[in-house]
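Some notes on the structure that comes next.
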2 protein chains.
Amino acid sequence: MDEFGLIARYFAPLAGEGAEGLTDDAAELGGMLMTKDVLVEGVHFLKTDPLDLVARKALRVNRSDLIAKGARPETYALGLVWPQDTQESDIAAFSTGLWAEQKECGLALLGGDTTRGAQTVVSVTMFGRPLGPRITRAGGEPGQGLYVTGNIGDGLLGLEAAKGSPSADDEEAMPYRLPSVPSGAEELVARFASASLDVSDGLVADARHMAEASKLRLVIDVDRVPFSAAGMEARRAGRLAELLGGGDDYQTLFLSGAEEKELQQEAHRLGLRLSHIGRAEEGEGVGLLMRGTPWKADIKGYNHFA
Amino acid sequence: MDEFGLIARYFAPLAGEGAEGLTDDAAELGGMLMTKDVLVEGVHFLKTDPLDLVARKALRVNRSDLIAKGARPETYALGLVWPQDTQESDIAAFSTGLWAEQKECGLALLGGDTTRGAQTVVSVTMFGRPLGPRITRAGGEPGQGLYVTGNIGDGLLGLEAAKGSPSADDEEAMPYRLPSVPSGAEELVARFASASLDVSDGLVADARHMAEASKLRLVIDVDRVPFSAAGMEARRAGRLAELLGGGDDYQTLFLSGAEEKELQQEAHRLGLRLSHIGRAEEGEGVGLLMRGTPWKADIKGYNHFA
């Protein structure tokens, strides 16, 4: 049974008010939205990744969830497990990373717990202020446009670079070690989105999650999916399916019935790259188009629990 | 550097409004109180402990923090790390434990995250509704009485039993595997306490924390410290210092200027054992009295981070 099956079977029946049956990325609590993402050494980051970047990544993957729900991240609680060989300098580096991230986006630490264990675990619970009514994965309508912020596939390419190079300042590894999150996109989502989530398991896998929750079919025009220069190069090298399936991008994917021009103006004001990559229609699942015709590709999502 | 030193140096400077500089057991968030305790296999529970009890214990140690702050536990978020050899039946057992605990105390699950790792980690963030103004470790006054709920030392004796017997239904191991928390004591705290915390590191160690935060000296009359039948037996066997230093009791320790009769009536109504074990006076640290005279004993607290 995979992560989603286990959650549906063993944890969803325990969910209370505001939890949406654990089907969304965030829950309501006293007027705030809450999300929780746990990062484990060797699963979500490499033992060789610099700890200041691990700290920042732990905050970013949680920021990403809140941003995609139309909420502005404000505070967080931190649970830390450190292995026995952890040095005080490691904890100092981690703290420096938290500080840098807090300064960049106005977050503050609310509380937490620190203990010992076999490997480094960073458990973040983050709270954000919703900028409008709650936006979930459901709520999309046929005919709406499908939009994504930033670039897709850089997380996968960054992971490959990080595995090959423990060097802390490897620029190619940065998109994995310190993913770019679309700061400000919570405003776009709150004003314009009908359904939204963050792309963490891979573009196509997460589009499937949204299609299922919204009871729609999502059609993605792969020629419009945004790539960085490194992504374009990988695409030319025949790795398109991998880029569309790779995880750790932490961009916001949403459906909107607004005029694209209005969305682009707002994205420009926020300093965000926004790409109109497809549309919603009646049906189910995700379809891919290449040069206007259906493209068959076996694209799996990244599964941290596998 | 110990856990408290690391927190003060590397994490307290990151704390925001409501966090009390990370000096208390809970933080304020949108009118709720929040606490976070992480349980790690081999540190906070044994690999042989039944997983339904591990689940319940994870909730109880967090309930304990909120109760001691005068807040009624309502909801929680759950971060889970499972090792590769985890079976679906393990997760089912864990879920059963959560369910039993939720039913017993009216909790509900709000959200969470599930992933893989080297060892089982249970990270709980719990939210409670304050029944009155915020009660912290500080706020005690000279002349007030020192009170504790339940019994002291059973956590230590339960741990010894659990280490010796992996048997799931060992009654002697139960105080460690499923600590008794003083459900309802949040009402006592909210109405009567000036300073309060939960006894998790050991009675004397936690009294020291309260003395330091309240800038007081706490004097404990060891003849009035409450023990179970097993605790009395251990005391007679010359293990008093160990009982006063052992962790994992999860009782509420508080200072109050109220009449003891009124406190005892309320405790009786709530079905709680309440013991008047000492008093606050000017000064610092913790003093122990035995048969009315100072008792010198080297009592260390339990340190999960050591």
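We label chains A, B, ... in the order they appear in the structure tokens, count residues from 1 in each chain, and number ligands from 1 in the order shown.
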Item to complete: Give me the residues within 10 Å of A:Lys296 as number ranges by chain, counting only C-alpha atoms and dropping any in the same chain fewer than 6 places off.
Response: A: 241, 287-290
Worksheet entry | chain A residues near chain B (6 Å cut-off, only C-alpha atoms) as JSON, numbers by chain | {"A": [10, 14, 15, 16, 19, 22, 30, 36, 37, 95, 108, 109, 110, 111, 112, 113, 115, 116, 305]}
For N, CA, C and O atoms, I'd like the residues from the last selection saved as a JSON list (two decimals), in the first residue's frame.
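File out.json, as written:
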[["chain", "number", "residue", "atom", "x", "y", "z"],
["A", 10, "TYR", "N", -5.85, 4.47, 7.30],
["A", 10, "TYR", "CA", -5.53, 4.44, 8.73],
["A", 10, "TYR", "C", -5.57, 5.81, 9.42],
["A", 10, "TYR", "O", -5.60, 5.88, 10.63],
["A", 14, "LEU", "N", -9.47, 9.39, 11.39],
["A", 14, "LEU", "CA", -9.18, 10.07, 12.65],
["A", 14, "LEU", "C", -9.30, 11.59, 12.52],
["A", 14, "LEU", "O", -9.16, 12.32, 13.51],
["A", 15, "ALA", "N", -9.55, 12.06, 11.30],
["A", 15, "ALA", "CA", -9.48, 13.50, 11.04],
["A", 15, "ALA", "C", -10.70, 14.24, 11.56],
["A", 15, "ALA", "O", -11.82, 13.74, 11.49],
["A", 16, "GLY", "N", -10.47, 15.43, 12.09],
["A", 16, "GLY", "CA", -11.54, 16.26, 12.63],
["A", 16, "GLY", "C", -11.87, 17.42, 11.71],
["A", 16, "GLY", "O", -11.40, 17.49, 10.56],
["A", 19, "ALA", "N", -9.84, 19.51, 8.78],
["A", 19, "ALA", "CA", -8.78, 18.67, 8.22],
["A", 19, "ALA", "C", -9.09, 18.21, 6.81],
["A", 19, "ALA", "O", -8.23, 17.63, 6.14],
["A", 22, "LEU", "N", -8.01, 14.87, 5.42],
["A", 22, "LEU", "CA", -6.58, 14.71, 5.08],
["A", 22, "LEU", "C", -6.35, 14.63, 3.57],
["A", 22, "LEU", "O", -5.33, 14.10, 3.12],
["A", 30, "GLY", "N", -8.10, 27.81, 13.83],
["A", 30, "GLY", "CA", -8.25, 29.13, 14.43],
["A", 30, "GLY", "C", -7.99, 30.26, 13.44],
["A", 30, "GLY", "O", -7.28, 31.20, 13.76],
["A", 36, "LYS", "N", 2.24, 20.53, 7.42],
["A", 36, "LYS", "CA", 3.33, 19.83, 8.10],
["A", 36, "LYS", "C", 4.07, 18.98, 7.10],
["A", 36, "LYS", "O", 3.48, 18.13, 6.44],
["A", 37, "ASP", "N", 5.36, 19.20, 7.00],
["A", 37, "ASP", "CA", 6.20, 18.36, 6.14],
["A", 37, "ASP", "C", 7.45, 17.97, 6.92],
["A", 37, "ASP", "O", 8.08, 18.82, 7.54],
["A", 95, "SER", "N", 21.00, 26.67, 12.33],
["A", 95, "SER", "CA", 20.36, 27.87, 12.86],
["A", 95, "SER", "C", 20.56, 29.07, 11.93],
["A", 95, "SER", "O", 19.65, 29.87, 11.70],
["A", 108, "ALA", "N", 8.67, 33.60, 11.63],
["A", 108, "ALA", "CA", 9.23, 33.55, 12.98],
["A", 108, "ALA", "C", 9.00, 32.16, 13.57],
["A", 108, "ALA", "O", 8.01, 31.49, 13.25],
["A", 109, "LEU", "N", 9.92, 31.76, 14.43],
["A", 109, "LEU", "CA", 9.83, 30.46, 15.10],
["A", 109, "LEU", "C", 8.89, 30.56, 16.30],
["A", 109, "LEU", "O", 8.96, 31.51, 17.08],
["A", 110, "LEU", "N", 8.03, 29.56, 16.46],
["A", 110, "LEU", "CA", 7.02, 29.62, 17.51],
["A", 110, "LEU", "C", 7.32, 28.66, 18.66],
["A", 110, "LEU", "O", 6.93, 28.89, 19.81],
["A", 111, "GLY", "N", 8.01, 27.57, 18.37],
["A", 111, "GLY", "CA", 8.30, 26.60, 19.42],
["A", 111, "GLY", "C", 8.83, 25.33, 18.79],
["A", 111, "GLY", "O", 8.99, 25.25, 17.58],
["A", 112, "GLY", "N", 9.14, 24.33, 19.64],
["A", 112, "GLY", "CA", 9.63, 23.10, 19.06],
["A", 112, "GLY", "C", 10.20, 22.15, 20.08],
["A", 112, "GLY", "O", 9.96, 22.28, 21.29],
["A", 113, "ASP", "N", 10.95, 21.20, 19.58],
["A", 113, "ASP", "CA", 11.53, 20.17, 20.42],
["A", 113, "ASP", "C", 12.81, 19.68, 19.74],
["A", 113, "ASP", "O", 12.89, 19.61, 18.52],
["A", 115, "THR", "N", 15.85, 16.59, 19.98],
["A", 115, "THR", "CA", 16.20, 15.33, 20.63],
["A", 115, "THR", "C", 17.24, 14.58, 19.81],
["A", 115, "THR", "O", 17.72, 15.07, 18.80],
["A", 116, "ARG", "N", 17.60, 13.39, 20.30],
["A", 116, "ARG", "CA", 18.60, 12.55, 19.65],
["A", 116, "ARG", "C", 17.95, 11.43, 18.86],
["A", 116, "ARG", "O", 16.86, 10.98, 19.19],
["A", 305, "PHE", "N", 7.67, 7.66, -0.07],
["A", 305, "PHE", "CA", 7.34, 6.58, 0.85],
["A", 305, "PHE", "C", 7.66, 5.22, 0.25],
["A", 305, "PHE", "O", 7.61, 4.21, 0.94]]
Worksheet entry | Distance query stretch 160-162 of chain B at most 6 Å, only C-alpha atoms, self and fewer than 3 positions along chain excluded, as a PyMOL selection string | chain B and resi 157+165+172-173
Output C-alpha atoms for every residue in that selection, as an mmCIF file, in the first residue's frame.
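Full text of result_10.cif as output:
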data_model
loop_
_atom_site.group_PDB
_atom_site.id
_atom_site.type_symbol
_atom_site.label_atom_id
_atom_site.label_comp_id
_atom_site.auth_asym_id
_atom_site.auth_seq_id
_atom_site.Cartn_x
_atom_site.Cartn_y
_atom_site.Cartn_z
ATOM 1 C CA LEU B 157 9.947 1.991 37.401
ATOM 2 C CA SER B 165 10.111 -7.510 29.522
ATOM 3 C CA GLU B 172 4.529 -2.994 35.537
ATOM 4 C CA ALA B 173 5.735 -1.534 32.235
#
Worksheet item: Pick the closest to B:Leu240 from B:Val181, B:Met174, B:Pro226, B:Gly292: which is it, counting only C-alpha atoms?
Response: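 Of all the options, B:Pro226 lies closest to B:Leu240.
Across the structure, atom CA of B:Leu203 and atom CA of B:Leu244 are spaced 5.4 Å apart.
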Worksheet item: A:Pro133: which residues within 10 Å, counting only C-alpha atoms, same-chain residues fewer than 2 positions away excluded, as a PyMOL selection string?
Response: chain A and resi 69-71+130-131+135-136+190-191
Worksheet entry | Shortest interatomic distance to B:Leu270 - which of B:Ala237, B:Ala185, B:Cys105, B:Ile220, counting only C-alpha atoms |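 Nearest to B:Leu270: B:Ala185.
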Item to complete: Give me, please, the distance in Å between atom CA of B:Val225 and atom CA of B:Ile277, quoted to one decimal.
Response: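 Taking atom CA of B:Val225 as the start and atom CA of B:Ile277 as the end point, the length is 5.6 Å.
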Worksheet item: Of the candidates B:Thr149, B:Arg56, B:Asp90, B:Trp295, which one gets nearest to B:Gly184 if we count only C-alpha atoms?
Response: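 Using only C-alpha atoms, the shortest distance to B:Gly184 belongs to B:Thr149.
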Practice prompt. Just the alpha helix (DSSP H) stuff from stretch 142-292 of chain B, please, per backbone DSSP, written as a ChimeraX atom specification.
Written response: /B:154-164,174-177,185-192,203-214,229-236,240-245,260-270
Discussion item. Using only C-alpha atoms, which protein or nucleic acid residues come within 10 Å of A:Pro50? Drop anything in the same chain fewer than 3 positions from it, and give the result as an NGL selection string.
Written reply: :A and (45-47 or 53-55 or 90 or 93-94 or 97 or 166-169 or 177)
For the selection you just gave me, I'd like the residues written to a file as a CSV table (one decimal), in the first residue's frame, keeping N, CA, C and O atoms.
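Saved result, selection_0.csv, follows:
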chain,number,residue,atom,x,y,z
A,45,PHE,N,16.8,14.9,1.8
A,45,PHE,CA,18.1,15.6,1.6
A,45,PHE,C,19.2,14.6,1.7
A,45,PHE,O,19.0,13.5,2.3
A,46,LEU,N,20.4,15.0,1.2
A,46,LEU,CA,21.5,14.0,1.3
A,46,LEU,C,22.4,14.4,2.5
A,46,LEU,O,22.4,15.5,2.9
A,47,LYS,N,23.0,13.3,3.0
A,47,LYS,CA,23.9,13.6,4.2
A,47,LYS,C,25.0,14.6,3.9
A,47,LYS,O,25.5,15.3,4.8
A,53,LEU,N,21.5,24.9,4.3
A,53,LEU,CA,20.5,24.7,3.2
A,53,LEU,C,19.4,23.7,3.5
A,53,LEU,O,18.3,23.9,3.1
A,54,VAL,N,19.8,22.7,4.3
A,54,VAL,CA,18.7,21.7,4.8
A,54,VAL,C,17.7,22.5,5.6
A,54,VAL,O,16.5,22.3,5.4
A,55,ALA,N,18.1,23.4,6.4
A,55,ALA,CA,17.2,24.2,7.3
A,55,ALA,C,16.3,25.0,6.4
A,55,ALA,O,15.1,25.0,6.5
A,90,ASP,N,27.4,22.1,13.6
A,90,ASP,CA,26.3,21.7,12.7
A,90,ASP,C,25.0,22.4,13.1
A,90,ASP,O,24.3,22.8,12.2
A,93,ALA,N,25.2,25.9,12.1
A,93,ALA,CA,25.0,26.1,10.6
A,93,ALA,C,23.5,26.0,10.3
A,93,ALA,O,22.9,26.8,9.6
A,94,PHE,N,22.8,25.1,10.9
A,94,PHE,CA,21.4,24.9,10.7
A,94,PHE,C,20.6,26.2,11.2
A,94,PHE,O,19.7,26.7,10.5
A,97,GLY,N,20.9,29.0,8.7
A,97,GLY,CA,20.0,28.8,7.6
A,97,GLY,C,18.6,29.2,7.9
A,97,GLY,O,17.9,29.9,7.2
A,166,PRO,N,29.4,16.5,-3.6
A,166,PRO,CA,29.1,17.0,-2.3
A,166,PRO,C,29.5,18.4,-2.0
A,166,PRO,O,29.2,19.0,-1.0
A,167,SER,N,30.1,19.0,-3.0
A,167,SER,CA,30.6,20.4,-2.9
A,167,SER,C,29.4,21.4,-2.5
A,167,SER,O,28.4,21.4,-3.2
A,168,ALA,N,29.6,22.1,-1.5
A,168,ALA,CA,28.5,22.9,-0.9
A,168,ALA,C,28.1,24.0,-1.9
A,168,ALA,O,27.0,24.5,-1.8
A,169,ASP,N,29.0,24.5,-2.7
A,169,ASP,CA,28.7,25.6,-3.6
A,169,ASP,C,28.5,25.2,-5.0
A,169,ASP,O,28.6,26.1,-5.9
A,177,ARG,N,18.9,21.5,-3.4
A,177,ARG,CA,19.3,21.9,-2.0
A,177,ARG,C,18.5,23.1,-1.5
A,177,ARG,O,18.1,23.1,-0.3
